[in-house]
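Shown next: input.cif, given as mmCIF, C-alpha atoms and all ligand atoms.
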```
data_query
#
loop_
_atom_site.label_atom_id
_atom_site.label_comp_id
_atom_site.auth_asym_id
_atom_site.auth_seq_id
_atom_site.Cartn_x
_atom_site.Cartn_y
_atom_site.Cartn_z
CA MET A 128 -44.43 89.62 89.61
CA ILE A 129 -41.52 89.55 92.05
CA LYS A 130 -41.91 92.08 94.88
CA PHE A 131 -39.48 93.70 97.29
CA GLY A 132 -40.25 95.75 100.38
CA PRO A 133 -39.63 96.22 104.09
CA SER A 134 -41.19 94.56 107.08
CA GLY A 135 -42.38 97.41 109.27
CA SER A 136 -41.32 101.04 109.24
CA CYS A 137 -37.56 101.63 109.24
CA GLY A 138 -35.31 104.15 110.98
CA LEU A 139 -35.02 106.37 107.91
CA PHE A 140 -38.82 106.66 107.60
CA ALA A 141 -38.96 108.06 111.13
CA MET A 142 -35.87 110.26 110.61
CA GLN A 143 -37.58 111.88 107.62
CA GLY A 144 -40.43 112.87 109.92
CA PHE A 145 -43.01 110.27 108.95
CA THR A 146 -45.12 108.88 111.76
CA HIS A 147 -47.84 106.71 110.27
CA THR A 148 -48.09 103.58 108.12
CA VAL A 149 -50.52 105.39 105.82
CA GLN A 150 -47.51 107.48 104.67
CA GLU A 151 -45.50 104.40 103.71
CA ALA A 152 -47.33 103.79 100.42
CA LYS A 153 -46.24 106.99 98.66
CA TRP A 154 -42.76 106.83 100.23
CA LEU A 155 -42.14 103.24 99.10
CA ALA A 156 -43.55 103.94 95.62
CA GLU A 157 -41.19 106.89 95.19
CA LEU A 158 -38.24 104.74 96.29
CA GLY A 159 -39.22 102.14 93.69
CA LEU A 160 -40.30 99.40 96.08
CA ASP A 161 -43.32 97.12 95.71
CA CYS A 162 -44.65 95.87 99.03
CA PHE A 163 -44.84 96.32 102.80
CA GLU A 164 -45.40 93.84 105.62
CA TYR A 165 -47.43 95.11 108.56
CA SER A 166 -46.62 93.37 111.85
CA PHE A 167 -49.32 92.32 114.28
CA GLY A 168 -46.55 90.61 116.27
CA ARG A 169 -47.76 91.87 119.61
CA GLY A 170 -51.44 91.69 118.74
CA VAL A 171 -53.94 92.86 116.12
CA ARG A 172 -54.36 96.46 117.17
CA LEU A 173 -55.73 98.21 114.13
CA THR A 174 -59.22 99.68 113.91
CA GLU A 175 -61.25 98.96 110.79
CA LYS A 176 -61.26 102.67 109.95
CA THR A 177 -57.47 102.98 110.06
CA ALA A 178 -56.98 99.70 108.20
CA ARG A 179 -59.24 100.92 105.39
CA GLU A 180 -57.41 104.27 105.24
CA ILE A 181 -54.07 102.48 104.93
CA GLY A 182 -55.56 100.12 102.35
CA GLU A 183 -56.85 103.00 100.18
CA GLU A 184 -53.45 104.65 100.11
CA PHE A 185 -51.59 101.42 99.31
CA LYS A 186 -54.05 100.72 96.51
CA LYS A 187 -53.55 104.22 95.12
CA TYR A 188 -49.79 103.71 94.86
CA SER A 189 -49.99 100.01 93.85
CA ILE A 190 -47.98 98.85 96.85
CA GLU A 191 -49.01 95.38 98.01
CA ILE A 192 -49.50 94.93 101.74
CA SER A 193 -49.14 91.73 103.77
CA VAL A 194 -49.48 91.10 107.50
CA HIS A 195 -47.57 89.12 110.10
CA ALA A 196 -49.88 87.41 112.61
CA PRO A 197 -49.16 87.66 116.38
CA TYR A 198 -46.09 85.82 117.69
CA PHE A 199 -48.21 84.15 120.40
CA ILE A 200 -49.62 81.54 117.99
CA ASN A 201 -48.65 77.99 118.89
CA LEU A 202 -50.46 75.35 116.86
CA ALA A 203 -48.67 72.63 118.84
CA THR A 204 -50.16 73.74 122.14
CA GLN A 205 -51.56 71.03 124.36
CA GLU A 206 -54.04 73.43 125.98
CA GLU A 207 -57.47 73.73 124.36
CA GLU A 208 -57.88 77.29 125.58
CA LYS A 209 -54.69 78.34 123.82
CA ALA A 210 -55.83 76.56 120.67
CA GLU A 211 -58.90 78.83 120.75
CA ASN A 212 -56.62 81.84 121.14
CA ASN A 213 -54.72 80.75 118.03
CA HIS A 214 -57.96 81.12 116.10
CA ASN A 215 -58.51 84.64 117.44
CA TYR A 216 -54.99 85.65 116.38
CA ILE A 217 -55.23 84.08 112.93
CA PHE A 218 -58.74 85.19 112.02
CA GLY A 219 -58.24 88.61 113.59
CA SER A 220 -55.23 88.99 111.30
CA LEU A 221 -57.16 87.83 108.24
CA LYS A 222 -60.02 90.23 108.98
CA ALA A 223 -57.58 93.14 109.21
CA LEU A 224 -55.76 91.89 106.11
CA ARG A 225 -59.05 92.07 104.18
CA GLU A 226 -59.62 95.65 105.36
CA LEU A 227 -56.04 96.52 104.33
CA GLY A 228 -56.64 95.00 100.90
CA GLY A 229 -53.84 92.42 101.17
CA LYS A 230 -53.63 88.72 100.35
CA ARG A 231 -50.85 87.23 102.50
CA CYS A 232 -50.71 86.53 106.23
CA VAL A 233 -47.52 85.05 107.70
CA PHE A 234 -47.58 83.06 110.96
CA HIS A 235 -45.11 81.22 113.20
CA PRO A 236 -46.29 77.60 113.42
CA GLY A 237 -45.37 76.82 117.03
CA SER A 238 -43.13 75.09 119.54
CA PRO A 239 -43.25 71.66 121.23
CA LEU A 240 -42.31 73.29 124.58
CA LYS A 241 -41.85 70.22 126.81
CA ALA A 242 -43.48 67.71 124.47
CA ASP A 243 -41.78 65.23 122.15
CA ARG A 244 -41.03 66.88 118.81
CA ASN A 245 -42.77 64.28 116.61
CA GLU A 246 -45.88 64.21 118.76
CA ALA A 247 -45.94 68.01 118.80
CA MET A 248 -45.72 68.04 115.03
CA ASP A 249 -48.64 65.59 114.76
CA LEU A 250 -50.71 67.77 117.08
CA LEU A 251 -49.78 70.84 115.06
CA MET A 252 -51.00 69.15 111.87
CA LYS A 253 -54.35 68.37 113.53
CA ARG A 254 -54.76 71.93 114.76
CA LEU A 255 -53.70 73.28 111.38
CA ASP A 256 -56.40 71.18 109.76
CA VAL A 257 -59.03 72.85 111.96
CA VAL A 258 -57.62 76.29 111.10
CA MET A 259 -57.72 75.61 107.37
CA GLN A 260 -61.28 74.28 107.59
CA LEU A 261 -62.41 77.37 109.51
CA LYS A 262 -60.55 79.59 107.05
CA HIS A 263 -62.74 78.11 104.32
CA GLU A 264 -65.93 78.38 106.38
CA TYR A 265 -65.26 82.00 107.29
CA GLY A 266 -64.85 82.91 103.62
CA TYR A 267 -61.10 83.50 103.47
CA ASP A 268 -60.34 81.20 100.51
CA ASP A 269 -59.06 84.22 98.57
CA MET A 270 -56.20 84.79 101.02
CA TRP A 271 -52.95 82.97 101.67
CA LEU A 272 -51.71 81.87 105.03
CA CYS A 273 -47.90 81.55 104.95
CA ALA A 274 -46.18 79.13 107.36
CA GLU A 275 -42.74 80.45 108.27
CA THR A 276 -39.45 78.57 108.66
CA MET A 277 -38.14 79.40 112.15
CA GLY A 278 -34.74 80.44 113.46
CA LYS A 279 -34.42 78.50 116.71
CA LYS A 280 -33.82 74.76 116.72
CA SER A 281 -36.43 74.31 119.45
CA GLN A 282 -39.19 75.76 117.26
CA LEU A 283 -41.26 73.73 114.81
CA GLY A 284 -40.64 74.97 111.29
CA ASP A 285 -37.50 73.59 109.73
CA LEU A 286 -37.72 73.33 105.96
CA SER A 287 -39.17 69.81 105.87
CA GLU A 288 -41.74 70.61 108.56
CA VAL A 289 -42.95 73.68 106.67
CA ILE A 290 -43.20 71.59 103.50
CA ARG A 291 -45.28 69.02 105.40
CA MET A 292 -47.60 71.79 106.68
CA CYS A 293 -48.13 73.37 103.26
CA LYS A 294 -48.58 70.16 101.31
CA ASN A 295 -52.26 69.47 101.86
CA TYR A 296 -53.84 72.89 101.50
CA ASP A 297 -54.29 74.99 98.38
CA THR A 298 -54.20 78.30 100.25
CA LEU A 299 -51.21 77.61 102.50
CA LEU A 300 -47.89 78.91 101.15
CA PRO A 301 -44.39 78.50 102.56
CA CYS A 302 -42.74 81.59 104.05
CA ILE A 303 -39.05 80.82 103.61
CA ASP A 304 -37.01 82.90 106.03
CA PHE A 305 -33.49 82.30 104.72
CA GLY A 306 -31.91 84.11 107.68
CA HIS A 307 -33.78 81.72 110.01
CA LEU A 308 -32.71 78.63 108.04
CA ASN A 309 -29.12 79.86 108.14
CA ALA A 310 -29.27 80.64 111.87
CA ARG A 311 -30.95 77.44 113.05
CA ASP A 312 -28.12 75.42 111.50
CA GLN A 313 -25.27 77.82 112.35
CA GLY A 314 -24.41 79.30 109.00
CA VAL A 315 -25.23 76.51 106.53
CA ILE A 316 -26.07 78.89 103.69
CA LYS A 317 -22.75 79.80 102.12
CA GLY A 318 -23.66 80.47 98.52
CA TYR A 319 -25.58 79.72 95.33
CA ASP A 320 -25.67 75.92 95.70
CA ASP A 321 -27.08 76.11 99.23
CA TYR A 322 -29.93 78.36 98.10
CA LYS A 323 -30.50 76.14 95.10
CA ARG A 324 -30.75 73.08 97.34
CA ILE A 325 -33.48 74.77 99.43
CA ILE A 326 -35.45 75.85 96.36
CA ASP A 327 -35.13 72.37 94.82
CA ALA A 328 -36.41 70.74 98.02
CA LEU A 329 -39.33 73.15 98.01
CA ALA A 330 -40.19 72.42 94.39
CA ASP A 331 -39.91 68.66 95.07
CA GLY A 332 -42.20 68.87 98.08
CA LEU A 333 -44.72 71.52 97.05
CA GLY A 334 -44.51 71.83 93.28
CA ASP A 335 -43.72 74.72 90.99
CA PHE A 336 -46.62 77.06 91.76
CA LYS A 337 -46.01 77.35 95.51
CA THR A 338 -42.26 77.61 94.93
CA LYS A 339 -42.63 80.34 92.32
CA ASN A 340 -45.05 82.32 94.49
CA MET A 341 -43.51 81.65 97.89
CA HIS A 342 -43.32 84.28 100.60
CA VAL A 343 -39.76 85.21 101.59
CA HIS A 344 -38.32 86.85 104.68
CA PHE A 345 -34.76 88.00 104.34
CA SER A 346 -32.23 89.42 106.79
CA LYS A 347 -28.82 88.59 108.16
CA ILE A 348 -29.16 87.06 111.63
CA GLN A 349 -26.70 86.53 114.46
CA TYR A 350 -26.85 83.00 115.85
CA GLY A 351 -25.54 80.79 118.66
CA ASP A 352 -25.71 77.06 119.47
CA LYS A 353 -29.50 77.08 119.64
CA GLY A 354 -29.99 79.19 116.53
CA GLU A 355 -31.28 82.74 116.07
CA LEU A 356 -30.11 85.48 118.44
CA ARG A 357 -30.88 88.77 116.71
CA HIS A 358 -31.52 90.40 113.35
CA LEU A 359 -28.63 92.37 111.79
CA THR A 360 -28.27 94.78 108.87
CA PHE A 361 -26.62 94.19 105.49
CA ASP A 362 -23.45 95.77 106.95
CA ASP A 363 -22.79 92.53 108.82
CA ASP A 364 -20.06 90.42 107.22
CA LYS A 365 -19.84 87.66 109.80
CA TYR A 366 -23.15 85.80 110.10
CA GLY A 367 -24.93 86.11 106.77
CA PRO A 368 -26.47 84.82 104.68
CA ASP A 369 -25.57 86.95 101.65
CA PHE A 370 -28.47 88.00 99.46
CA GLU A 371 -26.64 88.13 96.12
CA PRO A 372 -26.53 84.37 95.43
CA LEU A 373 -30.22 84.08 96.39
CA MET A 374 -31.09 86.77 93.85
CA ARG A 375 -29.17 84.81 91.22
CA VAL A 376 -31.08 81.59 92.00
CA ILE A 377 -34.40 83.47 91.93
CA SER A 378 -33.47 84.99 88.58
CA ASP A 379 -32.19 81.71 87.08
CA TYR A 380 -35.32 79.83 88.21
CA LYS A 381 -37.62 82.72 87.17
CA LEU A 382 -39.30 82.74 90.59
CA GLU A 383 -41.69 85.53 91.59
CA PRO A 384 -41.68 85.61 95.40
CA TYR A 385 -42.96 88.33 97.70
CA ILE A 386 -39.79 89.36 99.57
CA ALA A 387 -40.07 91.19 102.89
CA CYS A 388 -36.74 92.43 104.25
CA GLU A 389 -36.44 92.16 108.03
CA SER A 390 -33.10 93.90 108.61
CA ALA A 391 -32.78 95.62 112.00
CA GLY A 392 -33.77 99.22 111.25
CA THR A 393 -32.42 99.36 107.67
CA GLN A 394 -35.06 97.11 106.11
CA THR A 395 -36.23 99.58 103.46
CA MET A 396 -32.80 100.41 102.05
CA ASP A 397 -31.73 96.77 102.31
CA ALA A 398 -34.86 95.74 100.36
CA LEU A 399 -33.86 98.30 97.75
CA ALA A 400 -30.32 96.89 97.63
CA MET A 401 -31.78 93.45 96.89
CA LYS A 402 -34.09 94.81 94.22
CA ASN A 403 -31.35 96.79 92.51
CA TYR A 404 -29.03 93.79 92.50
CA TYR A 405 -31.81 91.56 91.14
CA LYS A 406 -32.56 94.06 88.37
CA SER A 407 -28.87 94.18 87.40
CA LEU A 408 -28.85 90.44 86.60
ZN ZN B 501 -41.80 85.87 111.40
#
```

Render the structure in this file as structure tokens.
Amino acid sequence: MIKFGPSGSCGLFAMQGFTHTVQEAKWLAELGLDCFEYSFGRGVRLTEKTAREIGEEFKKYSIEISVHAPYFINLATQEEEKAENNHNYIFGSLKALRELGGKRCVFHPGSPLKADRNEAMDLLMKRLDVVMQLKHEYGYDDMWLCAETMGKKSQLGDLSEVIRMCKNYDTLLPCIDFGHLNARDQGVIKGYDDYKRIIDALADGLGDFKTKNMHVHFSKIQYGDKGELRHLTFDDDKYGPDFEPLMRVISDYKLEPYIACESAGTQTMDALAMKNYYKSL
């Protein structure tokens, strides 16, 4: 089933006096939304007790929960010590995800830093292989890792790189961040055909199942020469991309992605705008 929800708690949630993620489940259910992405961007700081409390409440209201692993992950790192840290971030996130009762963990693949891009990508693939092997050994075969397309040109994670990452592993899904794809190439997504081209490339590279069940991040994003600058709200009419043509492609192709809206502060209402538009088709 297709799902819509916010990434993190929005401004309105706080304005209405709510203070804790545990309160999101009932709030989102009453608004008619389906999911919520919990960010561990700055580290996995959630006790098991709190995670289980949040998980209980989300289960009660049938709101799916996903997590975003720390931003510090760099699978293309040349330092062994940092490669070890990657494992702490990833498996710390998966442990918390299990306690929360979720199935999807998004991560940023990495950056070449000063290395050659192709060599960095080869190193990333080797490190990813170790991660996926450990994921199996640690008993996380029932959870998805989702490799995200990134918004800055310097980062690894254009569409073809994410397809290459996800190709060899059953439990690795693409996280297609359309705002990032639009920003890294300065506004390439103009309408229906551009979205269709991305989805077709995904289906060609990864097959129907991973395309149908892909993870999606959506927001409008301001960009410059090097790509992403900052997340915007749906009020923006300059940078894009627009969500309406994406909803039409998703509907025409009968896709069932998990869509987390990452608008700056208005992510819950913007997720609802997408859902309402999708339902009207
Ligand atoms: Zn992300």

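With all atoms listed in the file as the atoms that count, the residue of A:Ala328, A:Val315, A:Leu299, A:Ala223 with the shortest distance to A:Gln260 is A:Leu299.
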
Please find the residues contacting ligand ZN 501 (chain B) at a distance of at most 7 Å between atoms, with all atoms listed in the file counted, and report them as a ChimeraX atom specification. /A:195,233-235,275

Show which residues sit within 12 Å of A:Asn403, as a VMD selection string. Count all atoms listed in the file, and ignore same-chain residues fewer than 5 positions away. chain A and resid 130 to 132 158 to 160 370 to 371 374 396 to 398 408

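Computed from the coordinates, the atom CA of A:Phe167 to atom CA of A:Asn215 distance equals 12.4 Å.
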
Which protein, DNA or RNA residues are at most 12 Å from (-27.2, 81.4, 108.5) in the file's coordinates when you count all atoms listed in the file, listed as a PyMOL selection string? chain A and resi 277-279+304-318+321-322+345-352+354-359+363-370

Which residue of A:Asp379, A:Glu180, A:Glu175, A:Asp243 approaches A:Lys323 most closely, using all atoms listed in the file: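 Ranked by minimum distance to A:Lys323, first place goes to A:Asp379.
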
For A:His344, which residue among A:Pro133, A:Glu151, A:Phe361, A:Gly144 is the nearest when counting all atoms listed in the file? A:Pro133

Pick from A:Leu139, A:Ala247, A:Ala400, A:Ala274, whichever lies nearest to A:Ala196 using all atoms listed in the file: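 Once distances to A:Ala196 are computed over all atoms listed in the file, the minimum belongs to A:Ala274.
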
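When atom CA of A:Leu173 is paired with atom CA of A:Tyr216, their separation reads 12.8 Å.
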
Residue contacts of A:Tyr296 (12 Å, all atoms listed in the file) excluding same-chain residues fewer than 2 positions away, as number ranges by chain: A: 252, 255-260, 262-263, 268, 271-274, 290-294, 298-301, 333, 337

Using only C-alpha atoms, which of A:Lys353, A:Arg231, A:Arg375, A:Lys209 sits nearest A:Lys406?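 Looking at the shortest contact to A:Lys406, the residue is A:Arg375.
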